[in-house]
Structure formats: structure tokens, C-alpha cells
Amino acid sequence: MANEIKVFCPATIANISCGFDVLGVALDAVGDEMVIRKISEKGIKITKLTGQDLPLETKKNVAGVAGLALLEAGDYEGGFEIEIYKNIKAGSGIGSSAASSTGAVWAMNKLLGEPFSTIDLVKFAMEGERLASGVAHADNVAPALFGGFTLVRSYEPLDVIPIPSPDALYATVIHPQIEVKTSDSRSVLKTNITLAQGIKQWGNVGGLVAGLFTSDYDLIGRSLEDFIVEPIRSILIPGFENVKTEALKSGALGCGISGSGPSIFAFSKGEATANKVAQRMKEVYQNIGIDYDVHVSKINTAGIKEI
């Protein structure tokens with residue numbers, strides 16, 4: 001059995017407009033890389049971290065916290081060293097903390113001969129999310145581990161449903177170079193909604209899931225509406241309304257906030273449309289003078305993988 005493994009940990013889009021804290025999808029074009037190796041000493045050591053200014057201290061790093069949760073649940077007498085090569089910016093809204101948390105536990109499980117199920121790994125990785133945002137949500141870590149789209153049907157008990165992805169579905173994500181911390185973005189949300197809001201939102205969640213299962217692109221587009229979170233969080237993202245308008249004009253099926261922002265995502269049918277959407281998104285931020293990163297990606301149906 002190998003003592004070291006290198007993995008690719010995908011970026012993810014969470015919430016997907018109508019699915020706050022329950023829907024997510026893994027991307028193929030951007031992600032972190034990690035090297036994890038067994039050591040004889042008990043515990044977790046983070047020995048290298050490049051690309052972002054994040055703590056190496058185990059209990060202050062999401063990969064360390066997630067890894068400790070796995071160790072506490074198992075009977076392995078040794079520990080692990082972790083190297084993290086961050087390509088996903090912290091606070092970008094495309095699952096930076098989830099990539100580190102899931103990459104750590106997926107790789108450790110692999111090196112131990114896979115004693116834990118994928119749902120176990122989701123639970124361990126959620127502890128990293130708890131450290132990052134104060135809430136142990138699974139809408140980023142679940143798609144990173146399962147691949148493709150996932151629905152968190154229940155948190156107690158945890159129940160994750162993999163959802164198929166239509167073959168021609170592409171994501172365009174633009175990340176304006178401002179930071180919106182998940183904890184801050186959560187603090188602005190209301191804790192109560194009206195029954196009318198709930199009915200609209202539940203209808204869209206059901207419609208989106210049905211559209212993904214049946215490859216009904218029009219239904220996917222009609223369902224990508226958020227009546228609860230987007231109206232509040234979009235205020236924190238300069239240019240959001242213009243980006244959304246231009247994306248839809250360019251043929252996107254739908255457009256919304258990726259995770260807690262500030263990244264904005266759009267889904268399109270076909271790569272050509274996704275690239276056209278990317279160009280129009282870029283023009284909005286060029287006009288208002290904000291730097292950005294853009295990713296055009298197929299849906300990553302495999303999730304984390306060994307490289």
C-alpha cells in the first residue's frame with residue numbers, strides 16, 4: 001500500500017441559486033493540489049502551503065481539522081503530513097476551504113485502504129467547513145467528494161443524493177478580485193422567510209433537480225432563480241446585476257452567486273455559449289475597473305482524483 005499520494009481537489013459552486021446549503025456541483029477547470037503522506041507520529045502536520053496566506057497550524061487550517069476528525073474516528077496509530085498547493089483563492093466563493101478539507105480526508109482514506117465511506121468523508125470534511133464559516137455545511141464538500149451535482153437531502157441524519165449532469169452543460173465563473181468572507185456573507189441573511197418565498201424556492205429546487213435528471217436545459221434555466229438569498233447577498237457584489245443581465249443576454253441558461261460570493265456563475269448549453277458568456281462578464285468588470293479571474297469549465301463528474 002502506498003505511503004504518499006498526490007490529488008487534484010476541484011473547485012465547487014454551492015447553493016446554485018435556489019439550493020441554499022443543499023445543492024452543489026464540482027468543476028473541472030480549476031482546483032487545488034495536495035500531497036499527503038503517512039508518518040509514524042500521531043496527528044496531522046501541514047508542512048507546506050503555497051498560493052495563499054493561510055495558517056500552517058493544524059487546528060487553524062481546514063485540512064488539518066478535517067484530517068483530525070478522520071483520525072479520531074479510525075484506529076490508525078500513525079499520522080499524516082500534508083502539502084497544500086492552493087489555486088483557489090480563499091474567500092472566492094468557489095469552495096476554497098472545501099477543496100482543502102475534502103482533499104485531505106479523501107487522500108488519507110485512500111492511503112489507509114478506504115475504511116471510510118464517501119458519506120463518512122463528507123462528515124469529516126464538514127468539520128473543516130465549520131472552522132471556515134462557523135457552520136458545518138455540506139453543499140461544497142459533497143460534490144467535491146461525490147463528483148458532479150449533489151443534493152443534501154438531510155443534515156440529520158446526513159443524506160447526500162448524487163444527481164446526473166447533462167453532457168453539454170458548462171459553467172462559467174467570474175471572480176471579481178474582492179473578498180467576501182463566508183461568515184460575513186452569512187451574517188447578513190434573514191433567519192425567517194415567508195411561506196410564499198418558500199413555495200417559490202421549493203418549486204425551483206424540484207425543477208432544477210428534474211431538469212438535471214432529464215437533461216431538460218430549458219427547465220434548468222427556468223429553475224435557476226433565488227428569491228431568498230440572492231436579493232440580499234448580491235448587494236455585497238459590485239456589478240452583479242450587470243453581469244447577470246449580460247450573461248442571460250449572451251445565452252446563459254441562468255446566472256447567480258457562487259457560494260457566498262463574490263464569484264458569479266452561469267450555466268450554458270455548450271462550450272461556445274459558455275465562452276461567449278465569459279467574454280460579456282469580463283467586459284462588465286473591465287468597464288467598472290475591477291480585476292477578475294474567469295473559469296469556463298465542464299462539470300467534473302469524478303470529483304477528487306489522484307494525479
# chains A, B, ... in the order shown; residues from 1 in each chain; ligands from 1
>>> residues_around(residues="Ile13 in chain A", least_positions_apart="5", cutoff="12 Å", atoms="only C-alpha atoms", output="MDAnalysis selection string")
chainID A and resid 19:28 30:31 92:96 98:99 138:144 147:150 171:175 255:267 295 297 299:300
>>> select_by_dssp(residues="range 68-229 of chain A", states="helix (DSSP H, G or I)", output="ChimeraX atom specification")
/A:68-73,96-111,118-133,141-146,182-187,195-214,217-223
>>> closest_residue(among="A:Ile178, A:Glu225, A:Glu41, A:Phe240", to="Gly206 in chain A", atoms="only C-alpha atoms")
A:Glu225
>>> select_by_dssp(residues="range 34-133 of chain A", states="strand (DSSP E)", output="tab-separated table (two decimals) with C-alpha atoms, in the first residue's frame")
chain	number	residue	atom	x	y	z
A	34	MET	CA	-2.32	18.34	-2.33
A	35	VAL	CA	0.33	15.81	-1.35
A	36	ILE	CA	-0.45	13.63	1.66
A	37	ARG	CA	1.92	11.09	3.18
A	38	LYS	CA	1.81	8.71	6.10
A	39	ILE	CA	4.08	9.33	9.08
A	43	GLY	CA	-1.62	13.57	14.35
A	44	ILE	CA	-1.56	15.92	11.37
A	45	LYS	CA	1.32	18.15	10.24
A	46	ILE	CA	0.91	20.74	7.49
A	47	THR	CA	4.42	21.07	6.16
A	48	LYS	CA	3.90	23.29	3.10
A	49	LEU	CA	1.24	25.71	1.86
A	50	THR	CA	1.67	27.81	-1.27
A	79	GLY	CA	-0.44	10.33	11.33
A	80	PHE	CA	-0.10	12.33	8.13
A	81	GLU	CA	1.90	15.15	6.59
A	82	ILE	CA	0.08	17.49	4.21
A	83	GLU	CA	1.37	19.78	1.47
A	84	ILE	CA	-1.23	22.18	0.03
A	85	TYR	CA	-0.86	23.97	-3.30
>>> residues_around(residues="Phe227 in chain A", least_positions_apart="3", cutoff="7 Å", atoms="only C-alpha atoms", output="list of chain:residue names")
A:Gln197, A:Gln201, A:Glu230, A:Pro231
>>> write_last_selection(atoms="all heavy atoms", output="mmCIF file, in the first residue's frame")
data_model
loop_
_atom_site.group_PDB
_atom_site.id
_atom_site.type_symbol
_atom_site.label_atom_id
_atom_site.label_comp_id
_atom_site.auth_asym_id
_atom_site.auth_seq_id
_atom_site.Cartn_x
_atom_site.Cartn_y
_atom_site.Cartn_z
ATOM 1 N N GLN A 197 -42.384 32.851 -0.242
ATOM 2 C CA GLN A 197 -40.998 32.701 -0.690
ATOM 3 C C GLN A 197 -40.589 31.238 -0.702
ATOM 4 O O GLN A 197 -39.952 30.765 -1.633
ATOM 5 C CB GLN A 197 -40.057 33.490 0.229
ATOM 6 C CG GLN A 197 -40.117 34.989 0.076
ATOM 7 C CD GLN A 197 -39.260 35.686 1.111
ATOM 8 O OE1 GLN A 197 -39.287 35.347 2.299
ATOM 9 N NE2 GLN A 197 -38.482 36.664 0.665
ATOM 10 N N GLN A 201 -39.285 28.895 -3.855
ATOM 11 C CA GLN A 201 -37.950 28.307 -3.800
ATOM 12 C C GLN A 201 -38.002 26.789 -3.919
ATOM 13 O O GLN A 201 -37.210 26.183 -4.654
ATOM 14 C CB GLN A 201 -37.265 28.729 -2.494
ATOM 15 C CG GLN A 201 -35.755 28.648 -2.524
ATOM 16 C CD GLN A 201 -35.110 29.890 -3.113
ATOM 17 O OE1 GLN A 201 -35.730 30.667 -3.836
ATOM 18 N NE2 GLN A 201 -33.846 30.091 -2.801
ATOM 19 N N GLU A 230 -30.152 35.509 -2.836
ATOM 20 C CA GLU A 230 -29.532 36.386 -3.836
ATOM 21 C C GLU A 230 -29.913 37.857 -3.676
ATOM 22 O O GLU A 230 -29.032 38.725 -3.790
ATOM 23 C CB GLU A 230 -29.870 35.895 -5.237
ATOM 24 C CG GLU A 230 -29.180 36.689 -6.349
ATOM 25 C CD GLU A 230 -29.525 36.144 -7.721
ATOM 26 O OE1 GLU A 230 -29.194 34.969 -7.979
ATOM 27 O OE2 GLU A 230 -30.112 36.893 -8.517
ATOM 28 N N PRO A 231 -31.175 38.196 -3.406
ATOM 29 C CA PRO A 231 -31.510 39.619 -3.263
ATOM 30 C C PRO A 231 -30.731 40.331 -2.164
ATOM 31 O O PRO A 231 -30.492 41.538 -2.253
ATOM 32 C CB PRO A 231 -33.014 39.589 -2.944
ATOM 33 C CG PRO A 231 -33.503 38.322 -3.553
ATOM 34 C CD PRO A 231 -32.385 37.337 -3.347
#
>>> atom_distance(atom1="CA of Asp120 in chain A", atom2="CA of Asn204 in chain A")
29.0 Å
>>> closest_residue(among="A:Asp291, A:Ala29, A:Val243, A:Glu72", to="Glu179 in chain A", atoms="only C-alpha atoms")
A:Asp291
>>> closest_residue(among="A:Thr214, A:Thr118, A:Thr194, A:Thr102", to="Val160 in chain A", atoms="only C-alpha atoms")
A:Thr118
>>> closest_residue(among="A:Ala136, A:Leu111, A:Ala247, A:Leu145", to="Asn275 in chain A", atoms="only C-alpha atoms")
A:Ala247
>>> closest_residue(among="A:Ser268, A:Ser187, A:Asn109, A:Asn15", to="Asn3 in chain A", atoms="only C-alpha atoms")
A:Asn109
>>> residues_around(residues="Ser101 in chain A", least_positions_apart="4", cutoff="8 Å", atoms="only C-alpha atoms", output="list in words")
Val62, Ala63, Gly64, Val65, Ala66, Gly67, Ser97, Val105, Ala125, Met126, Gly128, Glu129 and Val141 of chain A
>>> write_last_selection(atoms="C-alpha atoms", output="PDB file, in the first residue's frame")
ATOM      1  CA  VAL A  62      -9.416  23.357   7.479  1.00  0.00           C
ATOM      2  CA  ALA A  63      -7.402  20.437   6.071  1.00  0.00           C
ATOM      3  CA  GLY A  64      -5.905  19.811   9.488  1.00  0.00           C
ATOM      4  CA  VAL A  65      -9.249  19.929  11.277  1.00  0.00           C
ATOM      5  CA  ALA A  66     -10.923  17.640   8.741  1.00  0.00           C
ATOM      6  CA  GLY A  67      -7.980  15.234   8.920  1.00  0.00           C
ATOM      7  CA  SER A  97     -11.962  25.609   2.130  1.00  0.00           C
ATOM      8  CA  VAL A 105      -9.724  13.238   4.003  1.00  0.00           C
ATOM      9  CA  ALA A 125     -14.779  17.464   5.684  1.00  0.00           C
ATOM     10  CA  MET A 126     -17.743  19.358   7.127  1.00  0.00           C
ATOM     11  CA  GLY A 128     -13.266  21.986   8.052  1.00  0.00           C
ATOM     12  CA  GLU A 129     -16.240  23.994   6.806  1.00  0.00           C
ATOM     13  CA  VAL A 141     -17.729  19.228   0.186  1.00  0.00           C
TER      14      VAL A 141
END
>>> closest_residue(among="A:Pro176, A:Leu253, A:Gln286, A:Pro164", to="Leu219 in chain A", atoms="only C-alpha atoms")
A:Leu253
>>> decode(residues="range 12-115 of chain A", atoms="C-alpha atoms", output="PDB file, in the first residue's frame")
ATOM      1  CA  THR A  12     -17.182  23.841  -6.480  1.00  0.00           C
ATOM      2  CA  ILE A  13     -20.244  26.007  -6.936  1.00  0.00           C
ATOM      3  CA  ALA A  14     -22.639  25.818  -3.998  1.00  0.00           C
ATOM      4  CA  ASN A  15     -26.253  26.893  -3.488  1.00  0.00           C
ATOM      5  CA  ILE A  16     -26.776  27.019  -7.300  1.00  0.00           C
ATOM      6  CA  SER A  17     -29.299  29.836  -6.924  1.00  0.00           C
ATOM      7  CA  CYS A  18     -32.295  28.081  -5.381  1.00  0.00           C
ATOM      8  CA  GLY A  19     -30.500  25.423  -3.299  1.00  0.00           C
ATOM      9  CA  PHE A  20     -29.019  27.289  -0.323  1.00  0.00           C
ATOM     10  CA  ASP A  21     -26.841  24.891   1.716  1.00  0.00           C
ATOM     11  CA  VAL A  22     -28.198  21.821  -0.134  1.00  0.00           C
ATOM     12  CA  LEU A  23     -27.107  21.966  -3.808  1.00  0.00           C
ATOM     13  CA  GLY A  24     -23.579  21.961  -5.206  1.00  0.00           C
ATOM     14  CA  VAL A  25     -21.527  20.961  -8.241  1.00  0.00           C
ATOM     15  CA  ALA A  26     -17.857  20.184  -8.892  1.00  0.00           C
ATOM     16  CA  LEU A  27     -15.841  21.966 -11.594  1.00  0.00           C
ATOM     17  CA  ASP A  28     -13.167  20.523 -13.856  1.00  0.00           C
ATOM     18  CA  ALA A  29     -11.096  23.533 -14.877  1.00  0.00           C
ATOM     19  CA  VAL A  30      -9.835  24.810 -11.523  1.00  0.00           C
ATOM     20  CA  GLY A  31      -8.797  23.206  -8.258  1.00  0.00           C
ATOM     21  CA  ASP A  32      -6.094  22.766  -5.642  1.00  0.00           C
ATOM     22  CA  GLU A  33      -3.408  20.107  -5.496  1.00  0.00           C
ATOM     23  CA  MET A  34      -2.321  18.336  -2.329  1.00  0.00           C
ATOM     24  CA  VAL A  35       0.326  15.809  -1.353  1.00  0.00           C
ATOM     25  CA  ILE A  36      -0.450  13.626   1.658  1.00  0.00           C
ATOM     26  CA  ARG A  37       1.925  11.091   3.176  1.00  0.00           C
ATOM     27  CA  LYS A  38       1.813   8.707   6.096  1.00  0.00           C
ATOM     28  CA  ILE A  39       4.081   9.328   9.078  1.00  0.00           C
ATOM     29  CA  SER A  40       4.660   7.261  12.200  1.00  0.00           C
ATOM     30  CA  GLU A  41       3.895  10.132  14.589  1.00  0.00           C
ATOM     31  CA  LYS A  42       0.245  10.504  15.601  1.00  0.00           C
ATOM     32  CA  GLY A  43      -1.621  13.569  14.349  1.00  0.00           C
ATOM     33  CA  ILE A  44      -1.556  15.917  11.368  1.00  0.00           C
ATOM     34  CA  LYS A  45       1.317  18.145  10.241  1.00  0.00           C
ATOM     35  CA  ILE A  46       0.906  20.738   7.490  1.00  0.00           C
ATOM     36  CA  THR A  47       4.425  21.072   6.156  1.00  0.00           C
ATOM     37  CA  LYS A  48       3.899  23.288   3.098  1.00  0.00           C
ATOM     38  CA  LEU A  49       1.243  25.709   1.860  1.00  0.00           C
ATOM     39  CA  THR A  50       1.669  27.810  -1.269  1.00  0.00           C
ATOM     40  CA  GLY A  51      -0.614  30.149  -3.207  1.00  0.00           C
ATOM     41  CA  GLN A  52      -2.484  31.674  -0.261  1.00  0.00           C
ATOM     42  CA  ASP A  53      -1.600  33.167   3.115  1.00  0.00           C
ATOM     43  CA  LEU A  54      -3.264  30.581   5.337  1.00  0.00           C
ATOM     44  CA  PRO A  55      -2.214  29.088   8.691  1.00  0.00           C
ATOM     45  CA  LEU A  56       0.005  26.025   8.900  1.00  0.00           C
ATOM     46  CA  GLU A  57      -1.170  25.301  12.448  1.00  0.00           C
ATOM     47  CA  THR A  58      -3.222  22.111  12.287  1.00  0.00           C
ATOM     48  CA  LYS A  59      -6.205  23.255  14.329  1.00  0.00           C
ATOM     49  CA  LYS A  60      -6.429  26.564  12.466  1.00  0.00           C
ATOM     50  CA  ASN A  61      -6.322  25.004   8.982  1.00  0.00           C
ATOM     51  CA  VAL A  62      -9.416  23.357   7.479  1.00  0.00           C
ATOM     52  CA  ALA A  63      -7.402  20.437   6.071  1.00  0.00           C
ATOM     53  CA  GLY A  64      -5.905  19.811   9.488  1.00  0.00           C
ATOM     54  CA  VAL A  65      -9.249  19.929  11.277  1.00  0.00           C
ATOM     55  CA  ALA A  66     -10.923  17.640   8.741  1.00  0.00           C
ATOM     56  CA  GLY A  67      -7.980  15.234   8.920  1.00  0.00           C
ATOM     57  CA  LEU A  68      -8.121  15.133  12.717  1.00  0.00           C
ATOM     58  CA  ALA A  69     -11.814  14.239  12.514  1.00  0.00           C
ATOM     59  CA  LEU A  70     -10.931  11.243  10.328  1.00  0.00           C
ATOM     60  CA  LEU A  71      -8.125  10.140  12.640  1.00  0.00           C
ATOM     61  CA  GLU A  72     -10.388  10.352  15.694  1.00  0.00           C
ATOM     62  CA  ALA A  73     -12.943   8.089  14.001  1.00  0.00           C
ATOM     63  CA  GLY A  74     -10.444   5.408  12.979  1.00  0.00           C
ATOM     64  CA  ASP A  75      -7.854   3.133  14.535  1.00  0.00           C
ATOM     65  CA  TYR A  76      -4.755   4.220  12.608  1.00  0.00           C
ATOM     66  CA  GLU A  77      -1.869   4.595  15.063  1.00  0.00           C
ATOM     67  CA  GLY A  78       0.206   6.957  12.932  1.00  0.00           C
ATOM     68  CA  GLY A  79      -0.443  10.329  11.333  1.00  0.00           C
ATOM     69  CA  PHE A  80      -0.099  12.330   8.126  1.00  0.00           C
ATOM     70  CA  GLU A  81       1.899  15.148   6.590  1.00  0.00           C
ATOM     71  CA  ILE A  82       0.084  17.489   4.211  1.00  0.00           C
ATOM     72  CA  GLU A  83       1.365  19.784   1.468  1.00  0.00           C
ATOM     73  CA  ILE A  84      -1.231  22.185   0.031  1.00  0.00           C
ATOM     74  CA  TYR A  85      -0.860  23.970  -3.296  1.00  0.00           C
ATOM     75  CA  LYS A  86      -3.716  26.485  -3.449  1.00  0.00           C
ATOM     76  CA  ASN A  87      -5.044  27.506  -6.845  1.00  0.00           C
ATOM     77  CA  ILE A  88      -8.448  28.504  -5.450  1.00  0.00           C
ATOM     78  CA  LYS A  89      -8.339  31.868  -3.736  1.00  0.00           C
ATOM     79  CA  ALA A  90      -9.686  31.991  -0.184  1.00  0.00           C
ATOM     80  CA  GLY A  91     -12.983  33.855   0.032  1.00  0.00           C
ATOM     81  CA  SER A  92     -13.636  33.454  -3.694  1.00  0.00           C
ATOM     82  CA  GLY A  93     -16.946  31.637  -3.368  1.00  0.00           C
ATOM     83  CA  ILE A  94     -15.873  28.538  -5.292  1.00  0.00           C
ATOM     84  CA  GLY A  95     -15.085  26.229  -2.408  1.00  0.00           C
ATOM     85  CA  SER A  96     -11.522  27.017  -1.370  1.00  0.00           C
ATOM     86  CA  SER A  97     -11.962  25.609   2.130  1.00  0.00           C
ATOM     87  CA  ALA A  98     -13.919  22.631   0.803  1.00  0.00           C
ATOM     88  CA  ALA A  99     -11.117  21.700  -1.605  1.00  0.00           C
ATOM     89  CA  SER A 100      -8.575  21.547   1.222  1.00  0.00           C
ATOM     90  CA  SER A 101     -10.909  19.723   3.608  1.00  0.00           C
ATOM     91  CA  THR A 102     -12.031  17.106   1.109  1.00  0.00           C
ATOM     92  CA  GLY A 103      -8.623  16.601  -0.453  1.00  0.00           C
ATOM     93  CA  ALA A 104      -7.142  15.807   2.939  1.00  0.00           C
ATOM     94  CA  VAL A 105      -9.724  13.238   4.003  1.00  0.00           C
ATOM     95  CA  TRP A 106     -10.066  11.621   0.559  1.00  0.00           C
ATOM     96  CA  ALA A 107      -6.302  11.101   0.314  1.00  0.00           C
ATOM     97  CA  MET A 108      -5.946   9.849   3.890  1.00  0.00           C
ATOM     98  CA  ASN A 109      -8.756   7.374   3.363  1.00  0.00           C
ATOM     99  CA  LYS A 110      -7.085   6.156   0.168  1.00  0.00           C
ATOM    100  CA  LEU A 111      -3.752   5.639   1.940  1.00  0.00           C
ATOM    101  CA  LEU A 112      -5.484   3.703   4.714  1.00  0.00           C
ATOM    102  CA  GLY A 113      -7.146   1.283   2.294  1.00  0.00           C
ATOM    103  CA  GLU A 114     -10.502   3.105   2.178  1.00  0.00           C
ATOM    104  CA  PRO A 115     -12.025   2.103   5.528  1.00  0.00           C
TER     105      PRO A 115
END
